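Working notes, beginning with the structure itself.
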Amino acid sequence: MTAKTEADRLVGEFLAWHFDRAPGNAAMLGSPAHDHTLGDFSATAFADAEREAGSWLARFTALETDDLQESVDRDLVVSVLRGERAKASWPAWRRDPSVYTGAVLFPLFSAFLNRLRPEPELVASVVRRLAEVPSVLAACRANLDPGLASPKIVLRAAAQARTGRAFLTGTLPAEVADPALRAELAGAAEPAARAFDELAAFLDGFAERATGDWRMGEALYSTLLREQEVLGYGAAELHERGRSAYAELEAELRELAGADDWHSVMAALQDDFPPTPEAMRAEYEAETRRARAFLVEHGLVTLAEGEECRVVPSPAFQRPVLAVASYMSPPPLTDRRVGHFFVPSPPEEFTAEQVEQRLRTNSRAQLATIAVHEAYPGHHWHLSWLAAQDRPVRKVFRTPYFSEGWALYSEKLLREHGFFTTRAQELAHVEARLFRAARMVVDTALHCGDMGVEEAEEFMSTKTSLTPGTATGEVTRYCAWPTQAPSYLTGALEIDRIRAEHTGSLREFHDTVAGSGALPLGLARRVALGR
């Protein structure tokens with residue numbers, strides 16, 4: 001057995017520290033030692049983590065190694081820690097209640113989704129965490145700063161908090177087969193549900209007092225692009241790249257549509273949509289199976305042993321805050337390879353008109369390219385393949401500039417090989433890329449103060465094929481999650497450039513670059529090209 005190097009030891013120590021500081025995330029990744037607690041969300045804990053992260057950054061910056069893979073691991077951790085250092089001036093834990101609601105809902109949801117323990121042990125671990133929910137949400141109320149928090153972001157989180165009761169007292173117990181265990185979990189869920197009720201009411205009132213701005217500002221936005229994403233340029237250049245890409249894609253879309261008014265052509269395609277949310281799910285499942293078979297037929301990637309992609313409705317607590325399809329990977333620290341493609345189901349309180357808008361935004365023309373993005377060879381193939389590799393730190397820290405870039409690259413890859421068989425599917429594919437270029441334009445403009453919310457919503461509903469209701473949800477997401485929305489096309493274009501320099505086969509390139517992690521793009525280039 002090869003002895004551990006200094007770099008391996010330091011990475012191992014850092015991951016142990018990180019897991020102890022974020023046990024909910026560690027449990028979702030598959031660490032059994034961390035599935036009994038949600039963690040400490042006090043102001044002191046956040047301050048301690050920030051201070052200790054500074055010490056880790058100094059240690060990793062000083063680490064020297066001549067090994068390519070070790071140096072990439074080191075630089076990945078450095079990029080994460082530099083990002084955390086930069087965001088200390090923009091503390092999400094004082095601004096955004098979803099830091100706390102998400103830290104409760106996602107680990108509990110994934111516990112039953114992945115079922116890494118026998119049911120009695122699983123219920124016991126969930127019951128222990130449910131007992132901590134009131135203290136986590138109390139920390140939320142204590143830590144939020146009305147001078148920093150934006151009413152828009154607070155109300156977004158309040159909508160999610162209102163889903164807490166139904167999730168905890170209805171969805172979770174329904175996952176338990178044994179009646180006695182189900183009753184035990186239901187009893188433990190009630191105090192947690194009351195805490196969510198109280199938080200939702202608190203946030204409604206807090207929003208009236210909140211005076212903070214959701215805009216990140218150009219300086220911090222650019223710092224994150226350079227230091228966390230290792231892009232080498234800032235917000236202004238990213239904005240211009242988005243505008244340029246949008247113009248090129250719009251020209252291609254006009255040519256495909258055979259008309260300058262491509263928007264009307266796309267709107268007409270949206271008239272053909274699945275009639276119900278369940279029909280939408282079933283049709284997405286059929287396209288997912290077709291995409292997997294296409295990969296096998298053309299030998300474009302190597303499939304991870306035992307991988308499976310399940311196509312299911314999005315969890316109820318996610319529906320008020322996310323209007324598009326999403327994906328949850330297999331827990332990568334385990335041998336499980338089952339991932340979940342979440343179809344964007346409408347919230348229960350939606351009107352019939354709002355439900356139709358959601359279905360129209362998932363028209364039949366669009367299903368193929370979205371299934372490729374979320375499943376094969378997009379997120380599911382990538383993250384199930386990554387989970388089978390042997391660099392633990394790269395399974396833990398992933399940037400959307402690679403993972404979302406890879407998924408969008410996958411759409412273009414399958415177009416090159418003939419997966420889209422109708423003009424409508426090709427139109428939807430190109431429009432999906434144009435939509436990502438629009439995100440680059442809007443996200444940078446919003447956070448740099450060059451565009452307001454109403455202007456952004458109008459841009460997204462007139463310059464892309466989003467319905468007005470979905471455009472509103474999209475823009476709210478951009479306000480709450482700065483720098484993420486541009487990651488898709490930015491990453492896809494860079495992966496194209498790396499591929500052009502790679503000298504091996506296409507399958508070798510895909511297996512190597514995607515198996516290397518979801519690295520900042522500069523680090524992905526080094527691994528793929530071996531330098």
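By order of appearance in the structure tokens: chains A, B, ..., then residues from 1 within every chain, and ligands from 1 in the order shown.
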- request: Write out as a PyMOL selection string the residues lying within 7 Å of Arg358 of chain A, counting only C-alpha atoms and excluding same-chain residues fewer than 4 positions away.
  value: chain A and resi 346+354+362+470
- prompt: DSSP says alpha helix (DSSP H) for which residues of segment 153-250 of chain A? Put them as a ChimeraX atom specification?
  reply: /A:153-161,164-166,172-174,179-209,218-223,235-250
message: Restricting the calculation to only C-alpha atoms: of A:Arg526, A:His417, A:Arg129, A:Arg82, which residue gets closest to Leu300 of chain A?
response: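 For Leu300 of chain A, the nearest of the given residues is A:His417.
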- line: Using only C-alpha atoms, the residue out of A:Gly24, A:Pro482, A:Pro118, A:Gly30 with shortest distance to Leu181 of chain A is A:Pro118
field: Pairwise distance for atom CA of Pro315 of chain A and atom CA of Phe459 of chain A, rounded to one decimal in Å
entry: 28.8 Å
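Note that the spacing between atom CA of Ser345 of chain A and atom CA of Ala188 of chain A amounts to 28.0 Å.
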- request: For Ala53 of chain A, list every protein, DNA or RNA residue within 10 Å, evaluated using only C-alpha atoms, and leave out those in the same chain fewer than 2 positions away; present the list as an MDAnalysis selection string.
  value: chainID A and resid 14 17:18 47:51 55:59 80:82 84:85
